[in-house]
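The file data_17.txt contains compact mmCIF, C-alpha atoms and all ligand atoms:
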# COMPACT_ATOMS: atom_id res chain seq x y z
CA MET A 143 61.26 255.44 233.90
CA VAL A 144 64.28 257.64 233.51
CA CYS A 145 64.87 258.53 237.11
CA PHE A 146 67.36 256.59 239.21
CA VAL A 147 68.13 257.08 242.83
CA TRP A 148 71.50 256.14 244.25
CA ALA A 149 71.91 256.66 247.92
CA ALA A 150 74.87 256.91 250.20
CA ALA A 151 72.80 255.48 252.98
CA ALA A 152 72.68 256.89 256.45
CA SER A 153 70.41 254.08 257.66
CA ARG A 154 68.73 250.91 256.42
CA LYS A 155 65.48 252.78 256.17
CA SER A 156 66.97 255.48 253.96
CA VAL A 157 68.30 252.82 251.62
CA ALA A 158 64.86 251.30 251.52
CA ILE A 159 63.27 254.61 250.62
CA ALA A 160 65.90 255.82 248.24
CA LYS A 161 66.46 252.57 246.42
CA GLN A 162 62.90 251.98 245.51
CA PRO A 163 62.95 251.27 241.82
CA GLU A 164 59.74 249.26 242.22
CA PHE A 165 58.09 252.18 243.94
CA LEU A 166 59.27 254.55 241.22
CA LEU A 167 58.20 252.15 238.54
CA ARG A 168 54.78 251.78 240.05
CA SER A 169 54.55 255.53 240.24
CA ALA A 170 55.12 255.67 236.49
CA GLU A 171 51.79 253.97 235.87
CA THR A 172 48.58 255.84 236.75
CA PRO A 173 47.90 257.99 239.81
CA LEU A 174 48.74 256.08 242.96
CA ARG A 175 47.06 256.03 246.29
CA LYS A 176 49.29 257.56 248.93
CA THR A 177 50.79 254.91 251.14
CA GLU A 178 52.54 254.73 254.46
CA GLU A 179 55.42 253.41 252.43
CA GLY A 180 55.50 256.65 250.48
CA GLY A 181 55.71 258.52 253.77
CA SER A 182 52.47 260.45 253.42
CA ALA A 183 48.92 260.52 254.69
CA ARG A 184 46.39 257.97 253.46
CA GLY A 185 43.36 258.38 251.34
CA ARG A 186 44.01 260.83 248.51
CA LEU A 187 45.05 260.08 244.96
CA LEU A 188 48.39 261.47 243.93
CA PRO A 189 49.75 262.05 240.46
CA ARG A 190 52.80 259.97 239.69
CA ALA A 191 55.13 262.94 239.40
CA LEU A 192 54.24 264.08 242.89
CA VAL A 193 54.78 260.58 244.26
CA LEU A 194 58.17 260.54 242.60
CA ARG A 195 59.07 263.92 243.99
CA GLN A 196 57.97 262.96 247.48
CA THR A 197 60.09 259.83 247.31
CA LEU A 198 63.10 261.90 246.38
CA ALA A 199 62.36 264.48 249.05
CA THR A 200 62.04 261.73 251.67
CA ALA A 201 65.31 260.19 250.56
CA SER A 202 66.93 263.60 250.72
CA ARG A 203 65.60 264.26 254.25
CA LYS A 204 67.02 260.92 255.36
CA GLY A 205 70.46 262.18 254.46
CA CYS A 206 70.86 260.25 251.25
CA ARG A 207 72.95 261.71 248.47
CA ILE A 208 70.82 261.75 245.40
CA PHE A 209 72.13 261.94 241.86
CA CYS A 210 68.92 261.09 240.37
CA MET A 211 67.88 262.49 237.07
CA LYS A 212 69.10 261.50 233.70
CA ALA A 213 68.98 264.29 231.15
CA ILE A 214 70.05 264.55 227.54
CA GLN A 215 72.42 267.35 226.79
CA LEU A 216 73.70 268.69 223.50
CA GLU A 217 77.24 269.35 224.65
CA LYS A 218 78.27 270.95 221.35
CA PRO A 219 77.15 270.59 217.73
CA GLU A 220 76.75 266.93 216.75
CA ARG A 221 77.52 265.66 220.24
CA PHE A 222 74.79 264.50 222.58
CA ARG A 223 75.48 262.91 225.93
CA GLN A 224 73.40 261.60 228.78
CA ILE A 225 74.12 263.46 232.00
CA GLU A 226 72.94 263.29 235.58
CA ILE A 227 71.38 266.39 237.06
CA ASP A 228 70.09 267.38 240.47
CA PRO A 229 66.36 267.12 241.02
CA PRO A 230 64.64 270.51 240.99
CA SER A 231 63.85 272.31 244.22
CA GLN A 232 60.39 273.39 245.40
CA PRO A 233 58.38 275.56 243.00
CA GLY A 234 58.40 279.18 244.16
CA VAL A 235 55.65 281.79 243.99
CA GLY A 236 53.84 281.55 240.65
CA GLU A 237 55.83 278.50 239.59
CA ALA A 238 55.03 274.88 238.87
CA LEU A 239 57.13 271.77 239.07
CA VAL A 240 56.36 269.74 235.97
CA SER A 241 56.99 266.16 235.07
CA VAL A 242 57.96 265.91 231.42
CA GLN A 243 56.12 263.16 229.56
CA ARG A 244 56.57 263.82 225.83
CA VAL A 245 58.99 265.96 223.84
CA GLY A 246 58.55 266.77 220.17
CA ILE A 247 61.66 267.21 218.05
CA CYS A 248 61.66 270.03 215.54
CA GLY A 249 63.75 271.91 213.00
CA THR A 250 65.17 274.09 215.75
CA ASP A 251 66.55 270.99 217.50
CA TYR A 252 68.00 269.67 214.24
CA SER A 253 69.58 273.07 213.47
CA GLY A 254 70.93 273.24 217.04
CA TYR A 255 72.43 269.76 216.59
CA LEU A 256 74.05 270.80 213.32
CA GLY A 257 75.31 274.08 214.81
CA LYS A 258 73.18 276.14 212.41
CA MET A 259 70.67 277.70 214.78
CA PRO A 260 71.60 281.37 215.32
CA PHE A 261 70.07 281.67 218.81
CA TYR A 262 71.32 278.35 220.21
CA SER A 263 73.99 278.19 222.93
CA TYR A 264 75.87 275.13 224.25
CA PRO A 265 75.87 273.01 226.30
CA ARG A 266 72.10 272.78 226.26
CA ILE A 267 69.38 270.37 227.36
CA PRO A 268 67.07 270.56 224.34
CA GLY A 269 63.29 270.18 224.25
CA HIS A 270 60.75 272.95 223.81
CA GLU A 271 57.72 271.04 222.46
CA LEU A 272 56.40 269.57 225.65
CA GLY A 273 53.53 267.50 226.96
CA ILE A 274 53.81 267.60 230.75
CA GLU A 275 51.98 266.71 233.93
CA VAL A 276 51.96 269.19 236.79
CA ALA A 277 53.64 267.68 239.85
CA GLU A 278 53.32 270.51 242.32
CA VAL A 279 52.46 274.18 242.28
CA GLY A 280 53.92 277.05 244.25
CA GLU A 281 52.12 279.78 246.15
CA GLY A 282 49.63 281.90 244.22
CA VAL A 283 49.18 279.50 241.31
CA THR A 284 45.54 279.20 240.32
CA ASN A 285 45.54 278.28 236.60
CA VAL A 286 46.81 274.70 237.13
CA LYS A 287 46.99 272.12 239.88
CA ALA A 288 48.92 268.90 240.52
CA GLY A 289 47.85 266.22 238.08
CA ASP A 290 46.86 268.58 235.24
CA ARG A 291 48.25 267.74 231.83
CA CYS A 292 49.50 270.71 229.87
CA SER A 293 51.28 272.02 226.86
CA VAL A 294 54.12 274.39 227.68
CA GLU A 295 54.58 277.77 226.06
CA PRO A 296 58.37 277.66 226.08
CA TYR A 297 59.03 281.37 225.59
CA MET A 298 60.28 282.88 228.84
CA ASN A 299 59.67 286.63 228.63
CA CYS A 300 60.57 289.48 230.98
CA GLN A 301 57.04 291.01 231.14
CA THR A 302 58.48 294.54 231.33
CA CYS A 303 60.21 295.41 228.03
CA PHE A 304 58.55 297.35 225.22
CA ALA A 305 57.44 294.21 223.33
CA CYS A 306 56.09 292.55 226.48
CA ARG A 307 54.17 295.69 227.45
CA ARG A 308 52.57 295.65 224.00
CA GLY A 309 51.44 292.05 224.56
CA SER A 310 54.07 290.52 222.28
CA SER A 311 55.51 288.05 224.74
CA ASN A 312 56.64 286.00 221.72
CA CYS A 313 59.38 288.51 220.89
CA CYS A 314 60.43 289.87 224.27
CA GLU A 315 63.67 291.79 223.94
CA THR A 316 65.41 289.36 226.29
CA LEU A 317 63.47 286.25 225.30
CA GLN A 318 64.75 282.93 226.58
CA VAL A 319 63.31 279.93 224.80
CA LEU A 320 63.42 276.66 226.69
CA GLY A 321 65.73 274.19 224.99
CA VAL A 322 67.34 276.95 222.91
CA HIS A 323 68.66 279.78 225.12
CA THR A 324 68.03 277.94 228.37
CA ASP A 325 67.66 274.29 229.34
CA GLY A 326 64.56 272.56 228.06
CA GLY A 327 62.53 269.47 228.67
CA MET A 328 64.76 266.51 227.85
CA ARG A 329 64.79 265.65 231.57
CA PRO A 330 62.21 264.15 233.91
CA GLN A 331 61.28 267.29 235.83
CA PHE A 332 61.88 271.01 235.93
CA ILE A 333 60.32 274.22 237.22
CA VAL A 334 58.50 276.65 234.94
CA PRO A 335 56.33 279.74 235.51
CA ALA A 336 52.79 278.39 235.84
CA ARG A 337 51.50 281.12 233.51
CA LYS A 338 53.33 279.25 230.70
CA LEU A 339 51.16 276.15 231.12
CA HIS A 340 48.09 275.51 228.97
CA LYS A 341 46.04 272.60 230.22
CA SER A 342 43.71 270.15 228.56
CA ALA A 343 41.80 267.30 230.13
CA LYS A 344 41.19 265.76 226.69
CA LEU A 345 44.39 265.86 224.69
CA ALA A 346 46.84 262.97 224.71
CA LEU A 347 50.31 263.81 225.96
CA GLU A 348 51.81 263.61 222.47
CA GLN A 349 49.12 265.98 221.19
CA LEU A 350 50.08 268.39 223.95
CA ALA A 351 53.69 268.18 222.75
CA LEU A 352 52.51 269.01 219.23
CA VAL A 353 50.75 272.23 220.24
CA GLU A 354 53.92 274.36 220.13
CA THR A 355 54.74 273.37 216.54
CA LEU A 356 51.18 274.19 215.56
CA ALA A 357 51.43 277.50 217.40
CA ILE A 358 54.25 278.62 215.08
CA GLY A 359 51.97 278.14 212.08
CA CYS A 360 48.99 279.66 213.87
CA HIS A 361 50.94 282.82 214.61
CA ALA A 362 52.34 283.07 211.06
CA VAL A 363 48.82 282.83 209.63
CA ASN A 364 47.53 285.37 212.14
CA ARG A 365 50.25 287.72 210.95
CA CYS A 366 48.97 287.69 207.35
CA GLN A 367 45.22 287.08 207.85
CA PRO A 368 44.23 285.12 204.70
CA GLN A 369 40.68 285.60 203.44
CA PRO A 370 38.46 282.83 202.01
CA LYS A 371 39.55 281.80 198.47
CA GLU A 372 42.67 283.98 198.64
CA ASN A 373 45.73 282.33 197.04
CA VAL A 374 48.22 281.37 199.76
CA LEU A 375 51.57 279.96 198.67
CA VAL A 376 53.53 278.11 201.36
CA ILE A 377 57.16 277.52 200.44
CA GLY A 378 58.67 274.62 202.38
CA ALA A 379 56.55 271.66 203.46
CA GLY A 380 58.45 270.75 206.61
CA PRO A 381 56.64 270.72 209.96
CA ILE A 382 56.58 274.51 210.12
CA GLY A 383 55.15 274.87 206.62
CA LEU A 384 52.62 272.14 207.44
CA SER A 385 51.60 273.94 210.61
CA THR A 386 50.91 277.12 208.60
CA LEU A 387 48.78 274.99 206.26
CA GLU A 388 46.62 273.78 209.14
CA PHE A 389 45.57 277.36 209.89
CA ALA A 390 45.45 278.62 206.31
CA LYS A 391 43.04 275.72 205.68
CA LEU A 392 40.75 276.95 208.47
CA THR A 393 40.44 280.36 206.79
CA GLY A 394 39.07 278.83 203.58
CA ALA A 395 42.04 280.13 201.58
CA ARG A 396 43.25 278.32 198.48
CA MET A 397 46.48 276.54 199.36
CA ILE A 398 49.46 276.04 197.10
CA VAL A 399 52.68 274.43 198.33
CA LEU A 400 56.14 274.66 196.77
CA ASP A 401 58.98 272.38 197.82
CA LEU A 402 62.02 270.57 196.45
CA ASN A 403 60.92 267.35 198.08
CA GLU A 404 58.23 265.49 196.13
CA GLN A 405 57.54 263.08 198.99
CA ARG A 406 56.59 266.03 201.18
CA LEU A 407 54.42 267.50 198.43
CA ASP A 408 52.56 264.16 198.16
CA PHE A 409 52.01 264.28 201.91
CA CYS A 410 50.46 267.76 201.54
CA LYS A 411 48.03 266.53 198.90
CA THR A 412 47.04 263.24 200.48
CA LYS A 413 47.09 264.14 204.19
CA MET A 414 46.63 267.90 204.39
CA GLY A 415 44.01 268.55 201.72
CA VAL A 416 46.23 270.94 199.75
CA ASP A 417 44.79 271.95 196.38
CA HIS A 418 47.97 272.49 194.38
CA THR A 419 51.62 271.57 194.74
CA ILE A 420 54.61 272.79 192.74
CA VAL A 421 58.00 271.09 192.58
CA ALA A 422 60.86 273.57 193.04
CA LYS A 423 63.13 272.68 190.14
CA GLY A 424 65.11 275.91 190.15
CA ASP A 425 64.57 276.47 186.42
CA GLY A 426 61.88 279.16 186.50
CA SER A 427 59.07 276.68 185.84
CA GLU A 428 57.74 277.31 189.38
CA LEU A 429 56.68 280.86 188.50
CA GLU A 430 54.93 279.69 185.34
CA GLU A 431 53.06 276.99 187.27
CA LEU A 432 52.02 279.48 189.93
CA LYS A 433 50.72 281.84 187.24
CA LYS A 434 48.65 279.02 185.76
CA ILE A 435 47.15 278.08 189.12
CA THR A 436 46.33 281.68 190.03
CA ASP A 437 45.11 282.96 186.63
CA GLY A 438 48.21 285.10 186.38
CA SER A 439 47.73 287.02 189.61
CA LEU A 440 50.32 285.08 191.69
CA ALA A 441 49.84 284.53 195.42
CA SER A 442 48.55 287.43 197.48
CA ILE A 443 50.08 285.75 200.52
CA VAL A 444 53.42 283.93 200.40
CA ILE A 445 54.71 282.23 203.53
CA ASP A 446 58.31 281.09 203.36
CA ALA A 447 58.99 278.26 205.79
CA THR A 448 62.18 276.89 204.25
CA GLY A 449 64.90 278.50 206.35
CA SER A 450 66.79 278.85 203.03
CA ASN A 451 68.09 282.34 202.25
CA LYS A 452 68.00 281.40 198.55
CA SER A 453 64.32 280.60 198.71
CA MET A 454 63.58 283.64 200.90
CA SER A 455 65.36 285.97 198.45
CA ASN A 456 63.45 284.47 195.54
CA ALA A 457 60.06 284.45 197.29
CA VAL A 458 59.34 288.11 196.34
CA ASN A 459 58.80 286.91 192.76
CA TYR A 460 55.73 284.89 193.80
CA VAL A 461 53.92 287.73 195.59
CA SER A 462 51.06 289.41 193.72
CA HIS A 463 50.55 293.18 193.55
CA THR A 464 49.56 294.45 197.05
CA GLY A 465 50.43 291.04 198.46
CA LYS A 466 52.14 289.99 201.68
CA LEU A 467 55.30 287.98 202.27
CA VAL A 468 55.78 286.28 205.63
CA PHE A 469 59.13 284.89 206.74
CA VAL A 470 58.53 282.19 209.31
CA GLY A 471 61.67 280.22 208.44
CA ILE A 472 64.95 281.45 209.91
CA THR A 473 68.32 281.95 208.24
CA THR A 474 71.64 283.32 209.42
CA ALA A 475 72.50 284.40 205.87
CA GLU A 476 71.58 287.61 204.07
CA ILE A 477 68.42 287.88 202.02
CA THR A 478 68.75 289.96 198.84
CA PHE A 479 66.37 291.14 196.16
CA SER A 480 66.08 294.25 194.07
CA HIS A 481 63.82 296.83 195.64
CA PRO A 482 61.69 297.79 192.59
CA ILE A 483 59.76 294.51 192.73
CA MET A 484 58.70 295.27 196.28
CA HIS A 485 57.93 298.89 195.48
CA ARG A 486 56.05 298.29 192.25
CA ARG A 487 53.85 295.67 193.85
CA GLU A 488 53.57 297.59 197.15
CA MET A 489 54.37 294.45 199.08
CA THR A 490 54.07 294.01 202.83
CA PHE A 491 56.89 292.09 204.50
CA LEU A 492 56.21 290.34 207.78
CA ALA A 493 58.34 288.35 210.18
CA SER A 494 56.72 285.74 212.39
CA ARG A 495 58.42 284.72 215.59
CA ASN A 496 57.18 282.06 217.98
CA ALA A 497 53.57 282.42 219.16
CA VAL A 498 51.45 284.17 221.79
CA PRO A 499 49.52 282.60 224.70
CA ALA A 500 46.15 282.91 222.93
CA ASP A 501 47.50 280.72 220.11
CA PHE A 502 48.07 277.86 222.56
CA ALA A 503 44.57 278.10 223.99
CA ARG A 504 43.05 278.26 220.50
CA ILE A 505 44.98 275.23 219.22
CA ILE A 506 44.07 273.09 222.23
CA LYS A 507 40.41 273.90 221.63
CA LEU A 508 40.70 273.18 217.88
CA ILE A 509 42.22 269.76 218.56
CA GLU A 510 39.69 269.02 221.31
CA ASP A 511 36.86 269.91 218.91
CA GLY A 512 38.30 267.71 216.15
CA LYS A 513 38.99 270.67 213.86
CA ILE A 514 42.67 269.81 213.65
CA ASP A 515 43.52 266.16 213.07
CA THR A 516 46.90 265.43 214.64
CA ARG A 517 47.07 261.84 213.37
CA PRO A 518 49.13 262.49 210.22
CA TRP A 519 51.66 264.49 212.18
CA ILE A 520 53.39 261.99 214.41
CA THR A 521 55.48 259.76 212.18
CA HIS A 522 58.24 258.61 214.56
CA LYS A 523 58.53 257.78 218.24
CA ALA A 524 61.43 256.93 220.52
CA LYS A 525 62.00 256.19 224.17
CA PHE A 526 64.20 258.54 226.15
CA ASP A 527 67.14 256.12 226.11
CA GLU A 528 66.91 255.74 222.34
CA VAL A 529 67.06 259.44 221.42
CA ILE A 530 70.81 259.82 221.08
CA GLY A 531 70.95 256.88 218.66
CA GLU A 532 67.83 257.81 216.70
CA PHE A 533 68.36 261.55 216.38
CA PRO A 534 70.93 261.51 213.51
CA ARG A 535 68.62 259.19 211.54
CA TRP A 536 65.72 261.66 211.79
CA LEU A 537 67.89 264.26 210.08
CA LYS A 538 67.88 262.33 206.84
CA PRO A 539 65.10 263.26 204.39
CA GLU A 540 64.64 259.58 203.48
CA SER A 541 63.53 258.88 207.07
CA GLY A 542 60.25 260.57 206.08
CA VAL A 543 60.04 262.15 209.51
CA ILE A 544 57.43 264.84 210.03
CA LYS A 545 57.35 264.84 213.81
CA ALA A 546 59.34 262.58 216.09
CA ILE A 547 58.07 262.33 219.65
CA VAL A 548 60.21 261.24 222.59
CA GLU A 549 58.60 259.40 225.48
CA VAL A 550 60.43 260.74 228.48
CA GLN A 551 58.45 258.67 230.98
N1 LIG B 601 59.17 281.44 213.25
C1 LIG B 601 59.53 280.68 214.25
O1 LIG B 601 59.37 281.05 215.39
C2 LIG B 601 60.11 279.33 213.98
C3 LIG B 601 59.93 278.31 214.91
C4 LIG B 601 60.46 277.06 214.63
C5 LIG B 601 61.17 276.86 213.46
N2 LIG B 601 61.34 277.90 212.59
C6 LIG B 601 62.10 277.77 211.34
O2 LIG B 601 61.23 277.33 210.31
C7 LIG B 601 62.03 276.75 209.27
C8 LIG B 601 61.38 275.45 208.80
O3 LIG B 601 61.43 274.50 209.83
P1 LIG B 601 61.06 272.98 209.50
O4 LIG B 601 61.20 272.23 210.77
O5 LIG B 601 59.76 272.89 208.79
O6 LIG B 601 62.28 272.63 208.51
P2 LIG B 601 62.46 271.50 207.41
O7 LIG B 601 63.89 271.53 207.03
O8 LIG B 601 61.86 270.21 207.89
O9 LIG B 601 61.56 271.98 206.19
C9 LIG B 601 62.02 272.90 205.24
C10 LIG B 601 61.43 272.51 203.89
O10 LIG B 601 61.83 273.51 202.96
C11 LIG B 601 62.18 272.87 201.74
N3 LIG B 601 63.11 273.73 201.02
C12 LIG B 601 64.38 274.05 201.33
N4 LIG B 601 64.89 274.88 200.40
C13 LIG B 601 63.93 275.10 199.50
C14 LIG B 601 63.86 275.86 198.30
N5 LIG B 601 64.90 276.56 197.85
N6 LIG B 601 62.70 275.86 197.62
C15 LIG B 601 61.64 275.14 198.06
N7 LIG B 601 61.65 274.39 199.16
C16 LIG B 601 62.79 274.37 199.89
C17 LIG B 601 62.81 271.55 202.17
O11 LIG B 601 62.76 270.58 201.13
C18 LIG B 601 61.95 271.17 203.38
O12 LIG B 601 60.86 270.34 203.01
C19 LIG B 601 63.42 276.61 209.85
O13 LIG B 601 64.21 277.67 209.36
C20 LIG B 601 63.21 276.76 211.33
O14 LIG B 601 64.35 277.24 211.99
C21 LIG B 601 60.80 279.11 212.81
ZN ZN B 602 59.70 273.57 217.71
ZN ZN B 603 60.15 291.38 227.57

As structure tokens - that is how I would like this structure written.
Amino acid sequence: MVCFVWAAAASRKSVAIAKQPEFLLRSAETPLRKTEEGGSARGRLLPRALVLRQTLATASRKGCRIFCMKAIQLEKPERFRQIEIDPPSQPGVGEALVSVQRVGICGTDYSGYLGKMPFYSYPRIPGHELGIEVAEVGEGVTNVKAGDRCSVEPYMNCQTCFACRRGSSNCCETLQVLGVHTDGGMRPQFIVPARKLHKSAKLALEQLALVETLAIGCHAVNRCQPQPKENVLVIGAGPIGLSTLEFAKLTGARMIVLDLNEQRLDFCKTKMGVDHTIVAKGDGSELEELKKITDGSLASIVIDATGSNKSMSNAVNYVSHTGKLVFVGITTAEITFSHPIMHRREMTFLASRNAVPADFARIIKLIEDGKIDTRPWITHKAKFDEVIGEFPRWLKPESGVIKAIVEVQ
């Protein structure tokens, strides 16, 4: 349990309520029956997050000073610290108070840590891949209720700009992504618009945290629409490249993966059912290999998920005539290539940013139906208190990390 309550007591009773580590610990198990001790009516089952919140609210009403939540903050590049934050207030109209259970760590978090993520601002509480439990809902919320377990769509959009009006909430003109532009889920509780919650009664909490990573790949594949047997080349076999593979696989396309890292290519073959892999040696042999695999036609869809401007500039060479090139990886550097190759082959260039609500619903259903196997994905786990120590280790390629999941509570 990551929540502590310290109380400047106004009475013995307030100390008793506010200093209830046993009560909080018990509330971290399964739903509890309301008790007199918890200060509420008898008889109904309560989710643990609500019990926790009620305990804090009671302590607060009794005049206790509460400094109660531990959060992890990236103060500046390469410097994490554990901070104490105020507990959130009541959820307002259309909002939900959520209790964070699992947080997935992704390339965006690593880039933010290294100071290489263009949209990141500091200090920041990271965490945008979230498996949560709803603690309480505000007025007018009908899509979720207390106790529901959900994945969070972490893209906070304005709902009024041109992109939002066209249904592209993923690239709102003033988009705020949790854990990137605004504080995320590396804390026990926070308030989020309820419309951003996608529930599942079947998925495990860590699977719910994985949905957002998968959504990035789902959206990238939706952007380019592979057809059965079409040659799809994915460059970069990190989590984002792997998530594109999950959805390319569902289309019946022929999958080819190119990466510098042979360990990751092995993973693609043994765990992801990829037909062909190519090692990026940087000597031109990649193009020859691709020609062999595709009978000379190259890949009619190329998805670059490296985040390397070098790879992204070079990727045009792998696209067949009339083919499509999708940039799902992100770079701050310039991408250059000579225009004739694009013109001659009449290429289509596509960007892919984040994901849309329908992607979340689709992925949850695919996992529930056993069409996506999440087992190979989660390679590392850590408790909340271990994150600061573990995080730099996950950055190293030899750690073999695909997805690290943090157990917040
Ligand atoms: N589109 C989005 O909304 C979105 C969301 C999240 C992350 N991203 C971006 O996606 C990118 C990938 O993320 P990730 O977590 O999978 O990163 P990662 O670093 O784990 O994976 C990148 C892979 O690319 C390979 N690679 C690098 N340079 C290469 C080259 N020249 N040729 C071949 N392979 C090369 C690396 O070996 C690595 O396996 C990042 O840029 C990240 O910021 C985009
Ligand atoms: Zn992510
Ligand atoms: Zn908008």

Selection within 9 Å of ligand ZN 603 (chain B) by all atoms listed in the file, output as a list in words: Met298, Asn299, Cys300, Gln301, Thr302, Cys303, Phe304, Ala305, Cys306, Arg307, Ser310, Ser311, Asn312, Cys313, Cys314, Glu315, Thr316 and Leu317 of chain A

Distance in Å - atom CA of Val242 of chain A versus atom C4 of ligand LIG 601 (chain B): 20.3 Å

Determine, for each residue of chain A having at least one atom at most 7 Å from an atom of ligand LIG 601 (chain B), the closest pair of atoms and their separation in Å to one decimal, counting only C-alpha atoms and all ligand atoms; order by chain and ascending number, as JSON lines.
{"residue": "A:Cys248", "atom": "CA", "partner": "B:LIG601", "partner_atom": "O4", "distance": 5.3}
{"residue": "A:Gly249", "atom": "CA", "partner": "B:LIG601", "partner_atom": "O4", "distance": 3.4}
{"residue": "A:Thr250", "atom": "CA", "partner": "B:LIG601", "partner_atom": "O14", "distance": 5.0}
{"residue": "A:Ser253", "atom": "CA", "partner": "B:LIG601", "partner_atom": "O14", "distance": 6.9}
{"residue": "A:Met259", "atom": "CA", "partner": "B:LIG601", "partner_atom": "O14", "distance": 6.9}
{"residue": "A:Ile358", "atom": "CA", "partner": "B:LIG601", "partner_atom": "O1", "distance": 5.7}
{"residue": "A:Ile377", "atom": "CA", "partner": "B:LIG601", "partner_atom": "C15", "distance": 5.6}
{"residue": "A:Gly378", "atom": "CA", "partner": "B:LIG601", "partner_atom": "O10", "distance": 3.4}
{"residue": "A:Ala379", "atom": "CA", "partner": "B:LIG601", "partner_atom": "O12", "distance": 4.5}
{"residue": "A:Gly380", "atom": "CA", "partner": "B:LIG601", "partner_atom": "O5", "distance": 3.3}
{"residue": "A:Pro381", "atom": "CA", "partner": "B:LIG601", "partner_atom": "O5", "distance": 4.0}
{"residue": "A:Ile382", "atom": "CA", "partner": "B:LIG601", "partner_atom": "O5", "distance": 3.8}
{"residue": "A:Gly383", "atom": "CA", "partner": "B:LIG601", "partner_atom": "O5", "distance": 5.5}
{"residue": "A:Leu400", "atom": "CA", "partner": "B:LIG601", "partner_atom": "C15", "distance": 5.7}
{"residue": "A:Asp401", "atom": "CA", "partner": "B:LIG601", "partner_atom": "N7", "distance": 3.6}
{"residue": "A:Leu402", "atom": "CA", "partner": "B:LIG601", "partner_atom": "N7", "distance": 4.7}
{"residue": "A:Asn403", "atom": "CA", "partner": "B:LIG601", "partner_atom": "O11", "distance": 4.8}
{"residue": "A:Arg406", "atom": "CA", "partner": "B:LIG601", "partner_atom": "O12", "distance": 6.3}
{"residue": "A:Ala422", "atom": "CA", "partner": "B:LIG601", "partner_atom": "C15", "distance": 5.3}
{"residue": "A:Ala447", "atom": "CA", "partner": "B:LIG601", "partner_atom": "C8", "distance": 4.8}
{"residue": "A:Thr448", "atom": "CA", "partner": "B:LIG601", "partner_atom": "O10", "distance": 3.6}
{"residue": "A:Gly449", "atom": "CA", "partner": "B:LIG601", "partner_atom": "O13", "distance": 3.2}
{"residue": "A:Ser450", "atom": "CA", "partner": "B:LIG601", "partner_atom": "N4", "distance": 5.1}
{"residue": "A:Lys452", "atom": "CA", "partner": "B:LIG601", "partner_atom": "N5", "distance": 5.8}
{"residue": "A:Ser453", "atom": "CA", "partner": "B:LIG601", "partner_atom": "N5", "distance": 4.2}
{"residue": "A:Val470", "atom": "CA", "partner": "B:LIG601", "partner_atom": "N1", "distance": 4.1}
{"residue": "A:Gly471", "atom": "CA", "partner": "B:LIG601", "partner_atom": "O2", "distance": 3.5}
{"residue": "A:Ile472", "atom": "CA", "partner": "B:LIG601", "partner_atom": "O13", "distance": 3.9}
{"residue": "A:Thr473", "atom": "CA", "partner": "B:LIG601", "partner_atom": "O13", "distance": 6.0}
{"residue": "A:Ser494", "atom": "CA", "partner": "B:LIG601", "partner_atom": "N1", "distance": 5.0}
{"residue": "A:Arg495", "atom": "CA", "partner": "B:LIG601", "partner_atom": "O1", "distance": 3.8}
{"residue": "A:Asn496", "atom": "CA", "partner": "B:LIG601", "partner_atom": "O1", "distance": 3.5}

Selection within 10 Å of ligand ZN 602 (chain B) by all atoms listed in the file, output as a list in words: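 Selection of residues at most 10 Å from ligand ZN 602 (chain B): Val245, Gly246, Ile247, Cys248, Gly249, Thr250, Asp251, Tyr252, Gly269, His270, Glu271, Leu272, Pro296, Gly321, Val322, Ala351, Leu352, Val353, Glu354, Thr355, Leu356, Ala357, Ile358, Pro381, Ile382, Asn496 and Lys545 of chain A.
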
Within 7 Å of Val240 of chain A using only C-alpha atoms, minus same-chain residues under 6 positions, as a ChimeraX atom specification: /A:274-277,331-333

Nearest to Val279 of chain A, chosen from A:Gln232, A:Thr464, A:Gln318, A:Ser241, with only C-alpha atoms counted in the distances: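 Result for the nearest residue to Val279 of chain A: A:Gln232.
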
Using all atoms listed in the file: which of A:Leu216, A:Ala346, A:Val458, A:Ala493 has the shortest distance to Gly273 of chain A: A:Ala346

Selection near Phe526 of chain A, 10 Å with only C-alpha atoms, sequence-local residues under 2 positions removed, as a ChimeraX atom specification: /A:143-144,212-214,243-245,328-330,523-524,528-530,547-551

Keeping only C-alpha atoms, take the residues you just selected and write them out as a tab-separated table (two decimals), keeping the file's coordinate frame.
chain	number	residue	atom	x	y	z
A	143	MET	CA	61.26	255.44	233.90
A	144	VAL	CA	64.28	257.64	233.51
A	212	LYS	CA	69.10	261.50	233.70
A	213	ALA	CA	68.98	264.29	231.15
A	214	ILE	CA	70.05	264.55	227.54
A	243	GLN	CA	56.12	263.16	229.56
A	244	ARG	CA	56.57	263.82	225.83
A	245	VAL	CA	58.99	265.96	223.84
A	328	MET	CA	64.76	266.51	227.85
A	329	ARG	CA	64.79	265.65	231.57
A	330	PRO	CA	62.21	264.15	233.91
A	523	LYS	CA	58.53	257.78	218.24
A	524	ALA	CA	61.43	256.93	220.52
A	528	GLU	CA	66.91	255.74	222.34
A	529	VAL	CA	67.06	259.44	221.42
A	530	ILE	CA	70.81	259.82	221.08
A	547	ILE	CA	58.07	262.33	219.65
A	548	VAL	CA	60.21	261.24	222.59
A	549	GLU	CA	58.60	259.40	225.48
A	550	VAL	CA	60.43	260.74	228.48
A	551	GLN	CA	58.45	258.67	230.98

Spatial neighbours of Pro534 of chain A, max dist 9 Å, all atoms listed in the file, sep filter under 3 positions, as an MDAnalysis selection string: chainID A and resid 220 252 255 530:531 537:538
